[in-house]
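Trainee: query09.cif is the file, holding mmCIF, C-alpha atoms:
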data_model
#
loop_
_atom_site.group_PDB
_atom_site.id
_atom_site.type_symbol
_atom_site.label_atom_id
_atom_site.label_comp_id
_atom_site.auth_asym_id
_atom_site.auth_seq_id
_atom_site.Cartn_x
_atom_site.Cartn_y
_atom_site.Cartn_z
ATOM 1 C CA MET A 739 -3.297 3.047 14.355
ATOM 2 C CA LEU A 740 -2.860 -0.375 15.915
ATOM 3 C CA LEU A 741 0.903 -0.473 15.436
ATOM 4 C CA ASP A 742 1.233 3.143 16.616
ATOM 5 C CA GLN A 743 -0.256 2.124 19.949
ATOM 6 C CA VAL A 744 1.217 -1.332 20.434
ATOM 7 C CA GLY A 745 4.427 -1.619 18.428
ATOM 8 C CA SER A 746 5.282 -4.346 15.949
ATOM 9 C CA MET A 747 3.121 -7.226 14.806
ATOM 10 C CA GLN A 748 5.707 -9.555 16.362
ATOM 11 C CA ALA A 749 4.973 -7.938 19.739
ATOM 12 C CA ILE A 750 1.235 -8.295 19.140
ATOM 13 C CA TRP A 751 1.518 -11.975 18.218
ATOM 14 C CA ALA A 752 3.756 -12.604 21.256
ATOM 15 C CA ASP A 753 1.247 -10.908 23.570
ATOM 16 C CA ILE A 754 -1.575 -13.000 22.124
ATOM 17 C CA ASP A 755 0.457 -16.223 22.394
ATOM 18 C CA GLN A 756 1.919 -15.649 25.850
ATOM 19 C CA ASN A 757 -0.537 -13.365 27.591
ATOM 20 C CA GLU A 758 -3.904 -13.916 25.843
ATOM 21 C CA GLY A 759 -3.580 -10.406 24.397
ATOM 22 C CA ARG A 760 -3.984 -8.638 27.741
ATOM 23 C CA VAL A 761 -1.400 -5.939 26.950
ATOM 24 C CA LEU A 762 -2.981 -5.324 23.561
ATOM 25 C CA ILE A 763 -6.459 -5.059 25.077
ATOM 26 C CA ALA A 764 -5.299 -2.673 27.810
ATOM 27 C CA THR A 765 -3.323 -0.490 25.393
ATOM 28 C CA LEU A 766 -6.114 -0.174 22.842
ATOM 29 C CA ASP A 767 -8.781 0.432 25.470
ATOM 30 C CA ALA A 768 -6.638 3.099 27.160
ATOM 31 C CA TRP A 769 -6.132 4.775 23.799
ATOM 32 C CA ALA A 770 -9.891 4.676 23.169
ATOM 33 C CA ALA A 771 -10.550 6.293 26.554
ATOM 34 C CA GLU A 772 -8.002 9.037 25.785
ATOM 35 C CA THR A 773 -9.440 9.814 22.366
ATOM 36 C CA GLY A 774 -13.108 9.360 23.207
ATOM 37 C CA GLY A 775 -13.425 6.318 20.955
ATOM 38 C CA ARG A 776 -15.089 3.048 21.758
ATOM 39 C CA ARG A 777 -13.224 0.245 23.434
ATOM 40 C CA MET A 778 -12.147 -2.331 20.905
ATOM 41 C CA GLY A 779 -9.241 -4.210 22.474
ATOM 42 C CA ALA A 780 -11.115 -7.462 23.119
ATOM 43 C CA THR A 781 -12.591 -7.429 19.604
ATOM 44 C CA VAL A 782 -9.165 -6.933 18.017
ATOM 45 C CA VAL A 783 -7.663 -9.761 20.081
ATOM 46 C CA ARG A 784 -10.595 -12.057 19.253
ATOM 47 C CA ARG A 785 -10.179 -11.365 15.525
ATOM 48 C CA LEU A 786 -6.400 -11.798 15.623
ATOM 49 C CA SER A 787 -6.825 -15.033 17.586
ATOM 50 C CA ALA A 788 -9.361 -16.508 15.154
ATOM 51 C CA PRO A 789 -8.350 -19.587 13.181
ATOM 52 C CA GLY A 790 -6.401 -18.572 10.076
ATOM 53 C CA ALA A 791 -5.909 -14.932 11.128
ATOM 54 C CA ARG A 792 -2.136 -15.178 11.341
ATOM 55 C CA GLU A 793 -1.952 -17.013 8.029
ATOM 56 C CA ARG A 794 -4.094 -14.325 6.360
ATOM 57 C CA TYR A 795 -1.818 -11.639 7.842
ATOM 58 C CA ASP A 796 1.327 -13.424 6.581
ATOM 59 C CA PHE A 797 -0.254 -13.885 3.141
ATOM 60 C CA ASN A 798 -1.176 -10.189 2.931
ATOM 61 C CA VAL A 799 2.354 -9.153 3.921
ATOM 62 C CA ARG A 800 3.814 -11.379 1.187
ATOM 63 C CA ILE A 801 1.397 -10.051 -1.440
ATOM 64 C CA MET A 802 1.909 -6.403 -0.478
ATOM 65 C CA SER A 803 5.693 -6.686 -0.480
ATOM 66 C CA GLY A 804 5.636 -7.598 -4.162
ATOM 67 C CA ARG A 805 8.446 -9.186 -6.097
ATOM 68 C CA ASP A 806 11.859 -7.765 -6.768
ATOM 69 C CA ASP A 807 13.459 -10.763 -8.425
ATOM 70 C CA LEU A 808 11.803 -10.575 -11.858
ATOM 71 C CA ASP A 809 13.666 -9.354 -14.925
ATOM 72 C CA LEU A 810 11.074 -7.274 -16.756
ATOM 73 C CA GLY A 811 13.492 -6.347 -19.507
ATOM 74 C CA LEU A 812 13.129 -2.665 -18.689
ATOM 75 C CA THR A 813 16.040 -0.373 -19.252
ATOM 76 C CA PRO A 814 15.217 2.835 -17.372
ATOM 77 C CA ASP A 815 18.534 4.388 -18.380
ATOM 78 C CA VAL A 816 17.558 4.258 -22.092
ATOM 79 C CA PRO A 817 15.000 6.972 -23.016
ATOM 80 C CA GLY A 818 11.983 5.666 -24.896
ATOM 81 C CA SER A 819 12.343 2.092 -23.637
ATOM 82 C CA PRO A 820 9.129 0.038 -23.829
ATOM 83 C CA GLY A 821 7.079 0.108 -20.638
ATOM 84 C CA LEU A 822 8.549 3.346 -19.348
ATOM 85 C CA LEU A 823 6.853 6.714 -19.199
ATOM 86 C CA PRO A 824 5.849 8.536 -21.218
ATOM 87 C CA LEU A 825 3.712 6.069 -23.153
ATOM 88 C CA GLU A 826 2.460 6.691 -26.691
ATOM 89 C CA ILE A 827 -0.741 8.774 -26.666
ATOM 90 C CA GLU A 828 -2.496 6.484 -29.174
ATOM 91 C CA ARG A 829 -1.749 3.422 -27.064
ATOM 92 C CA VAL A 830 -3.104 5.034 -23.874
ATOM 93 C CA GLN A 831 -6.238 6.179 -25.709
ATOM 94 C CA ARG A 832 -6.815 2.678 -27.095
ATOM 95 C CA VAL A 833 -6.312 0.888 -23.776
ATOM 96 C CA VAL A 834 -8.153 3.297 -21.476
ATOM 97 C CA GLY A 835 -10.565 4.842 -23.957
ATOM 98 C CA PHE A 836 -12.690 1.694 -24.220
ATOM 99 C CA LEU A 837 -14.106 2.536 -20.771
ATOM 100 C CA ASN A 838 -15.908 5.529 -22.321
ATOM 101 C CA VAL A 839 -15.228 7.593 -19.202
ATOM 102 C CA GLU A 840 -13.816 10.918 -20.316
ATOM 103 C CA ALA A 841 -12.391 11.868 -16.905
ATOM 104 C CA THR A 842 -10.504 8.565 -16.618
ATOM 105 C CA THR A 843 -9.156 8.792 -20.156
ATOM 106 C CA SER A 844 -8.065 12.409 -19.646
ATOM 107 C CA LEU A 845 -6.306 11.553 -16.394
ATOM 108 C CA ALA A 846 -4.585 8.521 -17.933
ATOM 109 C CA LEU A 847 -3.404 10.606 -20.887
ATOM 110 C CA ARG A 848 -2.101 13.352 -18.620
ATOM 111 C CA VAL A 849 -0.284 10.956 -16.295
ATOM 112 C CA LEU A 850 0.929 8.274 -18.682
ATOM 113 C CA SER A 851 1.713 10.140 -21.890
ATOM 114 C CA SER A 852 3.733 13.001 -20.459
ATOM 115 C CA ASP A 853 7.142 12.998 -18.829
ATOM 116 C CA PRO A 854 7.028 11.756 -15.244
ATOM 117 C CA ALA A 855 7.189 14.449 -12.564
ATOM 118 C CA SER A 856 10.654 13.279 -11.549
ATOM 119 C CA ALA A 857 11.937 13.743 -15.097
ATOM 120 C CA GLN A 858 10.232 17.118 -15.401
ATOM 121 C CA SER A 859 11.754 18.410 -12.199
ATOM 122 C CA SER A 860 15.246 17.317 -13.265
ATOM 123 C CA HIS A 861 14.930 19.281 -16.528
ATOM 124 C CA ARG A 862 13.744 22.518 -14.940
ATOM 125 C CA PRO A 863 16.254 25.284 -14.509
ATOM 126 C CA PRO A 864 16.971 26.191 -10.901
ATOM 127 C CA THR A 865 14.789 28.964 -9.557
ATOM 128 C CA SER A 866 16.329 32.007 -7.994
ATOM 129 C CA PRO A 867 15.359 32.888 -4.422
#
Let me see whether you can do it: turn the structure in this file into structure tokens.
Mentor:
Amino acid sequence: MLLDQVGSMQAIWADIDQNEGRVLIATLDAWAAETGGRRMGATVVRRLSAPGARERYDFNVRIMSGRDDLDLGLTPDVPGSPGLLPLEIERVQRVVGFLNVEATTSLALRVLSSDPASAQSSHRPPTSP
């Protein structure tokens, strides 16, 4: 919602740094007036201006982007490779079954021990119109 109204986080940080967040406040408050919501621009700017807020944002971005430089030893082009779906039913039951929650175990078995949807769709014959 915030980025839909204001643009990029770089623009938000620049507005806070150079303009005390005035554009951000005005944009969010105008959006609130349009949608019947409560004004929150000043609160958002205060929270984004708080000590450590930018560092927490940068940390979250790094964590959420994950890693793509690790060799996990997976070979997705070789059917039955360890760590790829489908997993062995007994293994899924052992790992998830200890929770003693039937719905969770059933879901895990259905999702993890059957062919992935992408593999299933590639094996289906084309349907006629």
Trainee: Residues of stretch 767-819 of chain A within 9 Å of stretch 745-751 of chain A: nearest atom pair and distance (Å, one decimal) for each, counting all atoms listed in the file, sorted by chain and number, as JSON lines?
Mentor:
{"residue": "A:Leu786", "atom": "CA", "partner": "A:Trp751", "partner_atom": "CA", "distance": 8.3}
{"residue": "A:Ser787", "atom": "CA", "partner": "A:Trp751", "partner_atom": "CA", "distance": 8.9}
{"residue": "A:Arg792", "atom": "CA", "partner": "A:Trp751", "partner_atom": "CA", "distance": 8.4}
Trainee: Hey, what's within 10 Å of A:Ala780 if we count all atoms listed in the file and toss same-chain stuff fewer than 4 positions away? As a ChimeraX atom specification, please?
Mentor: /A:759-760,762-764,766-767,784-786
Trainee: Taking into account all atoms listed in the file, which residue in the set A:Pro824, A:Arg829, A:Ala841, A:Ala768 is nearest to A:Gln743?
Mentor: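 Among the listed residues, the smallest separation from A:Gln743 belongs to A:Ala768.
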Trainee: Please report the interatomic distance between atom CA of A:Ile801 and atom CA of A:Asp742 in Å with one decimal.
Mentor: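 Going from atom CA of A:Ile801 over to atom CA of A:Asp742, I get 22.4 Å.
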Trainee: Kindly give the distance, in Å, that separates atom CA of A:Pro814 and atom CA of A:Ile827, rounded to a single decimal.
Mentor: 19.4 Å
Trainee: Expressed in Å to a single decimal, how great is the separation between atom CA of A:Gly775 and atom CA of A:Ala752?
Mentor: 25.6 Å
Trainee: Which is closest to A:Thr842 among A:Thr813, A:Leu808, A:Val783, A:Val830, if we use only C-alpha atoms?
Mentor: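 For A:Thr842, the nearest of the candidates is A:Val830.
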Trainee: Would you kindly return, as JSON, numbers by chain, each protein, DNA or RNA residue with an atom no farther than 12 Å from any atom of A:Leu825, considering all atoms listed in the file and excluding same-chain residues fewer than 5 positions away?
Mentor: {"A": [817, 818, 819, 820, 830, 831, 832, 833, 846, 847, 848, 849, 850, 851, 852, 853, 854]}
Trainee: Complete the atoms of stretch 837-848 of chain A to all heavy atoms and put them out as a PDB file, in the coordinates of the input.
Mentor:
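The result, written out as rebuild33.pdb:
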ATOM      1  N   LEU A 837     -13.219   2.385 -21.929  1.00  0.00           N
ATOM      2  CA  LEU A 837     -14.106   2.536 -20.771  1.00  0.00           C
ATOM      3  C   LEU A 837     -15.200   3.565 -21.020  1.00  0.00           C
ATOM      4  O   LEU A 837     -16.212   3.578 -20.336  1.00  0.00           O
ATOM      5  CB  LEU A 837     -13.293   2.963 -19.544  1.00  0.00           C
ATOM      6  CG  LEU A 837     -12.252   1.971 -19.041  1.00  0.00           C
ATOM      7  CD1 LEU A 837     -11.374   2.618 -17.981  1.00  0.00           C
ATOM      8  CD2 LEU A 837     -12.924   0.728 -18.506  1.00  0.00           C
ATOM      9  N   ASN A 838     -14.968   4.443 -22.001  1.00  0.00           N
ATOM     10  CA  ASN A 838     -15.908   5.529 -22.321  1.00  0.00           C
ATOM     11  C   ASN A 838     -16.176   6.421 -21.119  1.00  0.00           C
ATOM     12  O   ASN A 838     -17.307   6.845 -20.880  1.00  0.00           O
ATOM     13  CB  ASN A 838     -17.226   4.972 -22.878  1.00  0.00           C
ATOM     14  CG  ASN A 838     -17.047   4.392 -24.255  1.00  0.00           C
ATOM     15  OD1 ASN A 838     -16.278   4.907 -25.067  1.00  0.00           O
ATOM     16  ND2 ASN A 838     -17.733   3.297 -24.525  1.00  0.00           N
ATOM     17  N   VAL A 839     -15.128   6.677 -20.331  1.00  0.00           N
ATOM     18  CA  VAL A 839     -15.228   7.593 -19.202  1.00  0.00           C
ATOM     19  C   VAL A 839     -14.203   8.694 -19.451  1.00  0.00           C
ATOM     20  O   VAL A 839     -12.997   8.493 -19.284  1.00  0.00           O
ATOM     21  CB  VAL A 839     -14.954   6.876 -17.856  1.00  0.00           C
ATOM     22  CG1 VAL A 839     -15.031   7.863 -16.696  1.00  0.00           C
ATOM     23  CG2 VAL A 839     -15.918   5.721 -17.666  1.00  0.00           C
ATOM     24  N   GLU A 840     -14.696   9.829 -19.895  1.00  0.00           N
ATOM     25  CA  GLU A 840     -13.816  10.918 -20.316  1.00  0.00           C
ATOM     26  C   GLU A 840     -12.827  11.336 -19.233  1.00  0.00           C
ATOM     27  O   GLU A 840     -11.644  11.545 -19.505  1.00  0.00           O
ATOM     28  CB  GLU A 840     -14.648  12.128 -20.758  1.00  0.00           C
ATOM     29  CG  GLU A 840     -13.813  13.312 -21.223  1.00  0.00           C
ATOM     30  CD  GLU A 840     -12.900  12.992 -22.402  1.00  0.00           C
ATOM     31  OE1 GLU A 840     -13.285  12.177 -23.253  1.00  0.00           O
ATOM     32  OE2 GLU A 840     -11.789  13.552 -22.458  1.00  0.00           O
ATOM     33  N   ALA A 841     -13.284  11.424 -17.989  1.00  0.00           N
ATOM     34  CA  ALA A 841     -12.391  11.868 -16.905  1.00  0.00           C
ATOM     35  C   ALA A 841     -11.245  10.873 -16.709  1.00  0.00           C
ATOM     36  O   ALA A 841     -10.090  11.275 -16.506  1.00  0.00           O
ATOM     37  CB  ALA A 841     -13.175  12.038 -15.605  1.00  0.00           C
ATOM     38  N   THR A 842     -11.539   9.590 -16.791  1.00  0.00           N
ATOM     39  CA  THR A 842     -10.504   8.565 -16.618  1.00  0.00           C
ATOM     40  C   THR A 842      -9.514   8.609 -17.772  1.00  0.00           C
ATOM     41  O   THR A 842      -8.299   8.546 -17.575  1.00  0.00           O
ATOM     42  CB  THR A 842     -11.141   7.166 -16.516  1.00  0.00           C
ATOM     43  OG1 THR A 842     -12.054   7.164 -15.423  1.00  0.00           O
ATOM     44  CG2 THR A 842     -10.095   6.090 -16.319  1.00  0.00           C
ATOM     45  N   THR A 843     -10.032   8.728 -18.989  1.00  0.00           N
ATOM     46  CA  THR A 843      -9.156   8.792 -20.156  1.00  0.00           C
ATOM     47  C   THR A 843      -8.277  10.036 -20.095  1.00  0.00           C
ATOM     48  O   THR A 843      -7.070   9.959 -20.339  1.00  0.00           O
ATOM     49  CB  THR A 843      -9.983   8.779 -21.451  1.00  0.00           C
ATOM     50  OG1 THR A 843     -10.805   7.605 -21.456  1.00  0.00           O
ATOM     51  CG2 THR A 843      -9.095   8.783 -22.678  1.00  0.00           C
ATOM     52  N   SER A 844      -8.849  11.170 -19.741  1.00  0.00           N
ATOM     53  CA  SER A 844      -8.065  12.409 -19.646  1.00  0.00           C
ATOM     54  C   SER A 844      -6.965  12.288 -18.599  1.00  0.00           C
ATOM     55  O   SER A 844      -5.821  12.700 -18.834  1.00  0.00           O
ATOM     56  CB  SER A 844      -8.968  13.594 -19.288  1.00  0.00           C
ATOM     57  OG  SER A 844      -9.872  13.831 -20.315  1.00  0.00           O
ATOM     58  N   LEU A 845      -7.302  11.729 -17.448  1.00  0.00           N
ATOM     59  CA  LEU A 845      -6.306  11.553 -16.394  1.00  0.00           C
ATOM     60  C   LEU A 845      -5.204  10.606 -16.848  1.00  0.00           C
ATOM     61  O   LEU A 845      -4.012  10.879 -16.671  1.00  0.00           O
ATOM     62  CB  LEU A 845      -6.955  11.027 -15.114  1.00  0.00           C
ATOM     63  CG  LEU A 845      -5.999  10.739 -13.956  1.00  0.00           C
ATOM     64  CD1 LEU A 845      -5.290  12.013 -13.505  1.00  0.00           C
ATOM     65  CD2 LEU A 845      -6.749  10.107 -12.809  1.00  0.00           C
ATOM     66  N   ALA A 846      -5.581   9.485 -17.456  1.00  0.00           N
ATOM     67  CA  ALA A 846      -4.585   8.521 -17.933  1.00  0.00           C
ATOM     68  C   ALA A 846      -3.675   9.169 -18.962  1.00  0.00           C
ATOM     69  O   ALA A 846      -2.446   8.982 -18.927  1.00  0.00           O
ATOM     70  CB  ALA A 846      -5.278   7.296 -18.520  1.00  0.00           C
ATOM     71  N   LEU A 847      -4.232   9.932 -19.882  1.00  0.00           N
ATOM     72  CA  LEU A 847      -3.404  10.606 -20.887  1.00  0.00           C
ATOM     73  C   LEU A 847      -2.440  11.592 -20.234  1.00  0.00           C
ATOM     74  O   LEU A 847      -1.263  11.647 -20.578  1.00  0.00           O
ATOM     75  CB  LEU A 847      -4.283  11.332 -21.903  1.00  0.00           C
ATOM     76  CG  LEU A 847      -4.974  10.423 -22.919  1.00  0.00           C
ATOM     77  CD1 LEU A 847      -6.021  11.194 -23.706  1.00  0.00           C
ATOM     78  CD2 LEU A 847      -3.939   9.805 -23.854  1.00  0.00           C
ATOM     79  N   ARG A 848      -2.942  12.358 -19.285  1.00  0.00           N
ATOM     80  CA  ARG A 848      -2.101  13.352 -18.620  1.00  0.00           C
ATOM     81  C   ARG A 848      -0.965  12.689 -17.845  1.00  0.00           C
ATOM     82  O   ARG A 848       0.175  13.124 -17.901  1.00  0.00           O
ATOM     83  CB  ARG A 848      -2.942  14.234 -17.699  1.00  0.00           C
ATOM     84  CG  ARG A 848      -2.180  15.408 -17.138  1.00  0.00           C
ATOM     85  CD  ARG A 848      -3.067  16.390 -16.385  1.00  0.00           C
ATOM     86  NE  ARG A 848      -3.496  15.832 -15.121  1.00  0.00           N
ATOM     87  CZ  ARG A 848      -4.758  15.611 -14.781  1.00  0.00           C
ATOM     88  NH1 ARG A 848      -5.735  15.908 -15.594  1.00  0.00           N
ATOM     89  NH2 ARG A 848      -5.053  15.106 -13.610  1.00  0.00           N
TER      90      ARG A 848
END
